[in-house]
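A.B. asks: The structure follows.
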Amino acid sequence: MTDVLFYLLLALLLAGPVITLIAARLRQAPAISAHLLFVALVAGALASVAMLWQGRVVSVDLSCLAPFSFSLLVDRLSAYFLLLICLVGAPVALFSGSYVERHYHGARRVWFWVLLPWFLLSMVLVVTASTAFAFLFGWELMTLFSAGLVLIDGHDGERRGNVFTYLLMMHAGAAAVFAAFMVFLPHSAGLGFAALRTAAPLLTPAARSAIFLLGFIGFGTKAGIVPLHLWLPKAHPIAPSPVSALMSGVMLKTAIYGLVRLSFDFLGTGPAWWGYLILAAGAVSGVLGVLYAIAEHDLKRLLAYHSVENIGIIYLGLGAGMIFAANHSPAWAAVALMGALLHSLNHALFKSLLFLGAGAIADAAETLDLEELGGLFSRMRVTGTVFLIGCCSIVGLPLLNGFVSEWLTFRSFIAGATLPGLAPAIVLPLMAGVLALIGGLAAACFAKVFGVAFLGRPRSVEAADAVEVPRAMQAGMAILAAACVVIGIAPVIVLRPLAGIVLQLLPGVVLPQQAFALTNMLPLIALAVIVVALILRSLCRAPRITPTWACGMPGLDSRMQYTSTAFSKPLRKVFSQVYRPERSIETLPADPPFFPHWIAYRSVRTTSFERSLYRPAINGILATANRLRRLQTGNIQVYLLYMFLALVAALIYMRFA
Amino acid sequence: MNLVEIMAVKTLASAAVFLFITILLIAAAKRTATCVLLFAVQCAVITLQIAASAYIHRSIELLIVAILVLLIKVLAIPLALSRIRTRLKVSPDVNASTTPVQSVFIVAALILLAFVVVEPYVRAFSLDAEMLAAATAVVLTGVFLMVSHKKALMQVIGLLVLENGIFLAALATTFGMPLVIELGIFFDLLMCVLLMGVFVFRIRDTFDHVDVSKLRRLRG
Amino acid sequence: MSWVIDLLQLIVLVAAAPLLRGIIGRVKALIQNRQGASIFRPYADLRKLFRKEDLVPPTASPLYRLAPIILFAATLVAVALVPTLQASSLLGLPGDFILLVYLLALGRFFLMLGAMDGGSSFGGMGASREALVSTLAEAPLLLGLVAVSVLARSTSLAGIAHWAMGRSPFQLSPVHAMAIFALALVTIAETGRVPVDNPTTHLELTMIHEAMVLEYSGPSLALIEWASAIKLNLMLSLLIALFAPWGMAATLSVGAMAMALVAYAVKLLVLALAVAVLESSVAKLRMYLVPDFLGAACALAILAVAFTALKR
């Protein structure tokens, strides 16, 4: 039965776009596509739940169709990420059914329904692949299909530039992953994952470190850690909202899957500096990501930077796990790994919820600039409520899912103080402080987002005329919000399968029971809070409506509220070393110099990485390429000379090697 | 053990903590008067420490040193510095090149560095790790104060803190230097402060300021 | 039956919170050579506010009246985690101090949202400043708690209190010294006392917490004021439980309970006196100097954590 559901998922994802293309002329074609996709993803979700529950392994061998060995194997880790994809994909598909109908017409609509299922199929391929060829095939397809989906929204110059940056960085990352697999080759029989797993203990420590570094760079580019995150805030904001949700929520997690598979599964326990490297990358990404997010007032770019921050949090958990494993403490390594994996699922859920909410806002108020929104909660109750749940989850407030994964990560950091070495005993507890700082900054940022966008008075005419989005879009968001609440109140339903997964990755480990005491008590705590809140609510009487106090002045309007830029100013001022904007003030003076015609103030914030890291690197590469151009003289005799020199060199090598 | 003995032992055990707190507070201070006061407090902590050590080891020499430290470093030198400060009539601001937050973080890093650096010596000679690390941290803080502050008076205080640290290091490794050397050092210190006082006034009268970053004529 | 005592702890802490505020106000008044209001004044204020009407701005959403309720509920559940009369608490578990910090953050988050719902400039200003202060205060708070927890080899507040009771009062470890300093600075910031925020100011431009609640009235304001008083009591009780828990009942006898109550009251009075004296002797910091204040707390907390490993 599980196998059948899995095959159904693959078949529908593969065939759905074909049916869409054939039936493109029909009027109901988009509805058919949406329904097919939803059914496929629900089947996939059920299949993965069954696989996690029973511990079954499903395998599909398609080597007959491909030049290299191509097979899929769904073990526990793959089933977990498959569940992630389907659990997020199904509500997104439900949302897109209505969203696409309202925003795209004609050929663009058809292309959307062709590319989206194949995008999801490529992600399924990546997490279930059991040969390197299948993995890389899915990896590259993910990039191509998502780029195609981004271009659906239009292809003017700036958009093309952003997509080009995206494709370039993704391919560089894929090259690094490819190289990582290649280093296995001298010792392994072929590139199947089973062969790689058996070959890993035979490698020299230098080779293992090389594989790890290549994997770190390759998967890090896809995950979006600092300084390889440059493509994230360029590509995610320009995609259609459902696609942004999938890219940010699910595609980044395939990189986490790859990293976990490579380092915990294939390479096993490595030296502690691997863990410190990942820990450092996570800490830097977490803090810088949220600092950049605070300064943004375009909602989607803000959410994209928050993805960088949450990937940083996941990396913190993974790094702690590696350090524990290297210090022979597998119990706490398991807890840290569970925290990181749970945060992957949680982030997928609440980030896609937030992006779908952004799509709903764009649909209703036609703008995503926070400075133009306001007062949406009164006009869009359902969207407001689910968006609030998403905001509370991403901040990590108790009773929602973000708190559980952050709590597990905190527990593992505190347990680091019991390790014998001096370095982990100092570094790991300090990382708890870093995580607390990240959480505090995220709370400030999302208080700003929700407060400016949904509360107070509307700041533009479009925001004042916003209407609630259609039922299908509400339903999609509500499913994700419900999942957040359920995991937050009763995390035991996810923690037990996760325990099974880490048992598979770190065999023979016994989990410390006191690490889960709180998660078992969470339902009780939730009940306590809700009961108190209900008692207080029932004691309230009807209020009286009076205008807001404006120091005695009449006519308080929306311009007197705090804007998003104003809200974040104190934090931006405190952390001004990070932002360093280029500010210029120009005045056009008039004859009496104290009354100029106009004064213009410009403040441009480019992230310093682009200035200090990427530009010099790109210039260096171009300079080297220019110098190499001189080899290509265009003279036939010079080319013959090259061939002659190569022949002589080969003969000498064969003689003396 | 009677009560005084217990108190003496507790004082010795917790002296290092108070020294750390004083150097962190000096780093965070924003007014010159506060720095002078904190220097006096630091010397008072050292006095109590020497007195406790004198009681436990029943040593007259250490008691004399304690009284000398009290008279010269807790009373005489801070009073002299305060008088110089009030007669100098410059702004009460400390005028550092780093913000207080940065100074506090740098001093915290210096404290951690001190612990890491003294570890082999502690193991080889089985000394008190805390005291030696506190001494090293005080020395490093004194140098940092001289580097990061531009006012001449703050440079004097930095030098005095540095001397405190060296004194503490001697205390931690032996029972202090012989009495004659201690007397010599104290009088040198007193002369030093009085001479610096005179110099600071001369600098102020010649250049109209006491900002050492502006004294750059000695260049190649 | 120890859960009865834990429930009693909760009730004592919640009921005594306005009294603590009244005492601090009275002491401050005496220092300023005034007579000051009675120490039971905050109870009268709460009764007055609960009987009044709730005034709501026309732009407000349902979140406006929900925010004080969630703030109060979260603070109340957080109180159930702190041991006061005996070394155990109603909801005490391993790792509960993280839950405590985040429950306080939950209440604060909704208060900020409620402030922005009023649609006035002062609400946004208060929320923005509170965001600054709370962001920078969270790291030192958690690091200080982590340092004490590592030293006590226990991750629940009740366990730390139990361990601290077993130590002698004169054993001053550098971890404790640094952690006390850091947590004291953070307490001042979290509860909004001078020098971070002046709770009795009437000038809007100097407000942080008061600016957020400027629009609230009636029962909503009563809940917010009570929750703020409970938070002050909670932070002070936390300091007592972590660093000076001697006097807590070790057995379940009536005599031990009475002594524990008296000891707790005395310690709380001493801390209240310290807060009142501090508020009367120091000026409020300019807002952009508050990050310096909290940065010093952060450096102290980092040192406390480092010392737990260096002193092993």
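Naming scheme: A, B, ... for chains in displayed order of the structure tokens; residues 1 onward per chain; ligands 1 onward as shown.
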What are the residues of chain C that have an atom within 6 Å of an atom of chain A, counting only C-alpha atoms, as a list of chain:residue names?
C.D. replies: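 The contacting residues on chain C are C:Asp54, C:Leu55, C:Val56, C:Pro57, C:Pro58, C:Thr59, C:Ser61, C:Ile69, C:Ala73, C:Leu106, C:Leu113, C:Met116, C:Asp117, C:Gly118, C:Gly119, C:Ser120, C:Ser121, C:Gly124, C:Ser128, C:Ala131, C:Leu132, C:Thr135, C:Ala139, C:Leu143, C:Ala306, C:Ala309.
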A.B. asks: Which neighbours of Trp226 (chain C) fall inside 10 Å, counting only C-alpha atoms, when residues of the same chain fewer than 6 positions from it are skipped, and could you give them as a VMD selection string?
C.D. replies: chain C and resid 14 to 15 17 to 18 21 42 to 43 46 72 75 220 232
A.B. asks: Show me, as a list in words, the residues of chain C whose atoms get within 10 Å of chain B, using only C-alpha atoms for the distance check.
C.D. replies: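 The contacting residues on chain C are Phe170, Gln171, Leu172, Ser173, Pro174, Val175, His176, Ala177, Met178, Phe181, Leu289, Pro291, Asp292, Phe293, Leu294, Gly295, Ala296, Ala297, Cys298, Ala299, Leu300, Ile302, Leu303, Ala306, Phe307, Leu310 and Lys311 of chain C.
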A.B. asks: Can you tell me, as a ChimeraX atom specification, what residues are no more than 7 Å from region 120-129 of chain A when counting only C-alpha atoms, ignoring any on the same chain fewer than 6 positions away?
C.D. replies: /A:13,71-74,78,81-82,135,138-139,141-142,254,257
A.B. asks: Please provide as a PDB file with C-alpha atoms, in the first residue's frame all residues within 7 Å of region 53-65 of chain B, with the sequence filter that same-chain residues fewer than 4 positions apart are discarded (counting only C-alpha atoms).
C.D. replies:
```pdb
ATOM      1  CA  GLU B   5      41.020  33.412  60.196  1.00  0.00           C
ATOM      2  CA  GLN B  49      44.530  40.661  50.286  1.00  0.00           C
ATOM      3  CA  VAL B  69      49.998  50.125  50.175  1.00  0.00           C
ATOM      4  CA  LEU B 179      60.810  44.659  51.972  1.00  0.00           C
TER       5      LEU B 179
END
```
A.B. asks: Interatomic distance between CA of Gly159 (chain C) and CA of Gln9 (chain C)?
C.D. replies: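 Distance reported for this atom pair: 16.3 Å.
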A.B. asks: Can you pull out the residues contacting region 232-247 of chain A? Cut-off 8 Å, using only C-alpha atoms, and skip same-chain residues under 6 positions away; I want them as a PyMOL selection string.
C.D. replies: chain A and resi 88-89+92-93+95-96+116+146+149-153+159+162-163+166+224+300-301+304-305+308+351-356+358-359
A.B. asks: Store the residues picked out above in a file with C-alpha atoms, as a tab-separated table (two decimals), in the first residue's frame.
C.D. replies:
```tsv
chain	number	residue	atom	x	y	z
A	88	VAL	CA	4.24	21.89	2.52
A	89	GLY	CA	3.49	21.26	-1.14
A	92	VAL	CA	0.78	25.48	-1.54
A	93	ALA	CA	-0.90	23.64	-4.42
A	95	PHE	CA	-3.28	28.07	-2.59
A	96	SER	CA	-1.91	28.27	-6.13
A	116	LEU	CA	5.39	23.43	-10.74
A	146	SER	CA	12.64	27.16	-10.30
A	149	LEU	CA	8.99	29.60	-12.56
A	150	VAL	CA	10.67	32.85	-11.55
A	151	LEU	CA	10.68	34.04	-15.14
A	152	ILE	CA	6.94	33.47	-15.43
A	153	ASP	CA	6.43	36.78	-13.68
A	159	ARG	CA	14.89	40.30	-13.37
A	162	ASN	CA	18.88	38.31	-10.80
A	163	VAL	CA	18.00	34.98	-12.43
A	166	TYR	CA	20.86	32.61	-9.24
A	224	GLY	CA	22.14	30.11	1.60
A	300	LYS	CA	9.37	39.23	0.49
A	301	ARG	CA	12.97	40.32	0.68
A	304	ALA	CA	14.14	35.82	2.24
A	305	TYR	CA	16.70	37.18	4.70
A	308	VAL	CA	19.12	32.85	5.81
A	351	LYS	CA	8.14	30.11	6.16
A	352	SER	CA	5.85	28.86	3.43
A	353	LEU	CA	2.90	30.06	5.54
A	354	LEU	CA	4.46	33.52	5.70
A	355	PHE	CA	5.20	33.60	1.98
A	356	LEU	CA	1.66	32.50	1.15
A	358	ALA	CA	2.62	37.69	1.55
A	359	GLY	CA	0.95	36.42	-1.61
```
A.B. asks: Excluding region 265-268 of chain A and any residue of its chain fewer than 6 positions from it, enumerate the residues within 9 Å of it, using only C-alpha atoms, and give them as a VMD selection string.
C.D. replies: chain A and resid 193 to 194 196 to 201 208 211 to 212 504 to 506
A.B. asks: List the neighbours of Met235 (chain C) out to 12 Å using only C-alpha atoms; skip same-chain residues closer than 6 positions along the sequence, and give me the result as a ChimeraX atom specification.
C.D. replies: /C:13,17,75,78-79,81-84,97,100-101,104,141,145,183-192,228-229,241-242,268,271-272
A.B. asks: Generate a file of the selected residues that holds N, CA and C atoms, formatted as a JSON list (two decimals), in the first residue's frame.
C.D. replies:
```json
[["chain", "number", "residue", "atom", "x", "y", "z"],
["C", 13, "LEU", "N", 3.17, 35.01, 45.27],
["C", 13, "LEU", "CA", 3.92, 35.87, 44.37],
["C", 13, "LEU", "C", 3.00, 36.82, 43.61],
["C", 17, "ALA", "N", 2.60, 41.09, 44.45],
["C", 17, "ALA", "CA", 3.28, 41.92, 43.46],
["C", 17, "ALA", "C", 2.92, 43.40, 43.58],
["C", 75, "THR", "N", 2.61, 35.60, 31.77],
["C", 75, "THR", "CA", 3.37, 35.93, 32.98],
["C", 75, "THR", "C", 2.97, 35.02, 34.12],
["C", 78, "ALA", "N", 4.53, 31.74, 33.73],
["C", 78, "ALA", "CA", 5.97, 31.86, 34.01],
["C", 78, "ALA", "C", 6.22, 31.84, 35.51],
["C", 79, "VAL", "N", 5.31, 32.45, 36.29],
["C", 79, "VAL", "CA", 5.49, 32.47, 37.74],
["C", 79, "VAL", "C", 5.48, 31.06, 38.30],
["C", 81, "LEU", "N", 6.94, 28.65, 37.39],
["C", 81, "LEU", "CA", 8.22, 27.97, 37.23],
["C", 81, "LEU", "C", 9.24, 28.36, 38.28],
["C", 82, "VAL", "N", 8.94, 29.39, 39.09],
["C", 82, "VAL", "CA", 9.96, 29.94, 39.98],
["C", 82, "VAL", "C", 9.75, 29.42, 41.39],
["C", 83, "PRO", "N", 10.77, 28.85, 42.00],
["C", 83, "PRO", "CA", 10.61, 28.40, 43.40],
["C", 83, "PRO", "C", 10.81, 29.55, 44.37],
["C", 84, "THR", "N", 9.89, 29.74, 45.32],
["C", 84, "THR", "CA", 10.07, 30.80, 46.31],
["C", 84, "THR", "C", 10.10, 30.25, 47.74],
["C", 97, "PHE", "N", 14.16, 27.03, 32.52],
["C", 97, "PHE", "CA", 14.44, 28.46, 32.51],
["C", 97, "PHE", "C", 14.39, 29.02, 31.09],
["C", 100, "LEU", "N", 10.89, 29.87, 30.68],
["C", 100, "LEU", "CA", 10.59, 31.10, 31.41],
["C", 100, "LEU", "C", 10.92, 32.32, 30.56],
["C", 101, "VAL", "N", 12.14, 32.34, 29.99],
["C", 101, "VAL", "CA", 12.56, 33.48, 29.17],
["C", 101, "VAL", "C", 11.61, 33.66, 28.00],
["C", 104, "LEU", "N", 8.10, 35.05, 28.93],
["C", 104, "LEU", "CA", 8.16, 36.50, 29.08],
["C", 104, "LEU", "C", 8.22, 37.17, 27.71],
["C", 141, "LEU", "N", 20.48, 37.61, 29.72],
["C", 141, "LEU", "CA", 19.61, 36.88, 30.64],
["C", 141, "LEU", "C", 19.81, 35.38, 30.49],
["C", 145, "LEU", "N", 21.68, 32.71, 33.15],
["C", 145, "LEU", "CA", 21.00, 31.52, 33.66],
["C", 145, "LEU", "C", 21.77, 30.26, 33.28],
["C", 183, "LEU", "N", 22.84, 39.43, 35.80],
["C", 183, "LEU", "CA", 21.40, 39.27, 35.95],
["C", 183, "LEU", "C", 20.77, 40.48, 36.62],
["C", 184, "ALA", "N", 21.54, 41.15, 37.51],
["C", 184, "ALA", "CA", 20.98, 42.36, 38.14],
["C", 184, "ALA", "C", 20.78, 43.44, 37.08],
["C", 185, "LEU", "N", 21.78, 43.61, 36.20],
["C", 185, "LEU", "CA", 21.63, 44.62, 35.13],
["C", 185, "LEU", "C", 20.46, 44.27, 34.23],
["C", 186, "VAL", "N", 20.33, 42.97, 33.91],
["C", 186, "VAL", "CA", 19.24, 42.57, 33.02],
["C", 186, "VAL", "C", 17.89, 42.75, 33.70],
["C", 187, "THR", "N", 17.83, 42.49, 35.02],
["C", 187, "THR", "CA", 16.57, 42.68, 35.74],
["C", 187, "THR", "C", 16.11, 44.13, 35.63],
["C", 188, "ILE", "N", 17.06, 45.06, 35.80],
["C", 188, "ILE", "CA", 16.70, 46.47, 35.69],
["C", 188, "ILE", "C", 16.14, 46.75, 34.31],
["C", 189, "ALA", "N", 16.76, 46.16, 33.27],
["C", 189, "ALA", "CA", 16.29, 46.43, 31.91],
["C", 189, "ALA", "C", 14.94, 45.77, 31.65],
["C", 190, "GLU", "N", 14.79, 44.51, 32.07],
["C", 190, "GLU", "CA", 13.56, 43.78, 31.77],
["C", 190, "GLU", "C", 12.35, 44.36, 32.49],
["C", 191, "THR", "N", 12.55, 44.85, 33.73],
["C", 191, "THR", "CA", 11.40, 45.33, 34.48],
["C", 191, "THR", "C", 11.20, 46.83, 34.29],
["C", 192, "GLY", "N", 12.04, 47.45, 33.52],
["C", 192, "GLY", "CA", 11.81, 48.84, 33.18],
["C", 192, "GLY", "C", 11.98, 49.80, 34.35],
["C", 228, "SER", "N", 2.91, 43.68, 34.89],
["C", 228, "SER", "CA", 4.23, 44.31, 35.03],
["C", 228, "SER", "C", 4.73, 44.20, 36.45],
["C", 229, "ALA", "N", 3.82, 44.34, 37.44],
["C", 229, "ALA", "CA", 4.24, 44.17, 38.83],
["C", 229, "ALA", "C", 4.66, 42.73, 39.10],
["C", 241, "ALA", "N", 16.05, 33.10, 44.40],
["C", 241, "ALA", "CA", 16.07, 31.63, 44.33],
["C", 241, "ALA", "C", 17.41, 31.12, 43.82],
["C", 242, "LEU", "N", 18.03, 31.86, 42.89],
["C", 242, "LEU", "CA", 19.27, 31.35, 42.29],
["C", 242, "LEU", "C", 20.47, 31.62, 43.19],
["C", 268, "LEU", "N", 12.99, 39.76, 49.96],
["C", 268, "LEU", "CA", 12.32, 40.58, 48.95],
["C", 268, "LEU", "C", 12.34, 42.04, 49.36],
["C", 271, "LEU", "N", 15.74, 43.52, 48.68],
["C", 271, "LEU", "CA", 15.92, 43.81, 47.26],
["C", 271, "LEU", "C", 15.08, 45.02, 46.84],
["C", 272, "ALA", "N", 13.85, 45.12, 47.42],
["C", 272, "ALA", "CA", 13.01, 46.26, 47.08],
["C", 272, "ALA", "C", 13.67, 47.56, 47.53]]
```
A.B. asks: Rounded to one decimal place, report the CA of Gly95 (chain C)-CA of Ser156 (chain C) distance in Å.
C.D. replies: 5.3 Å
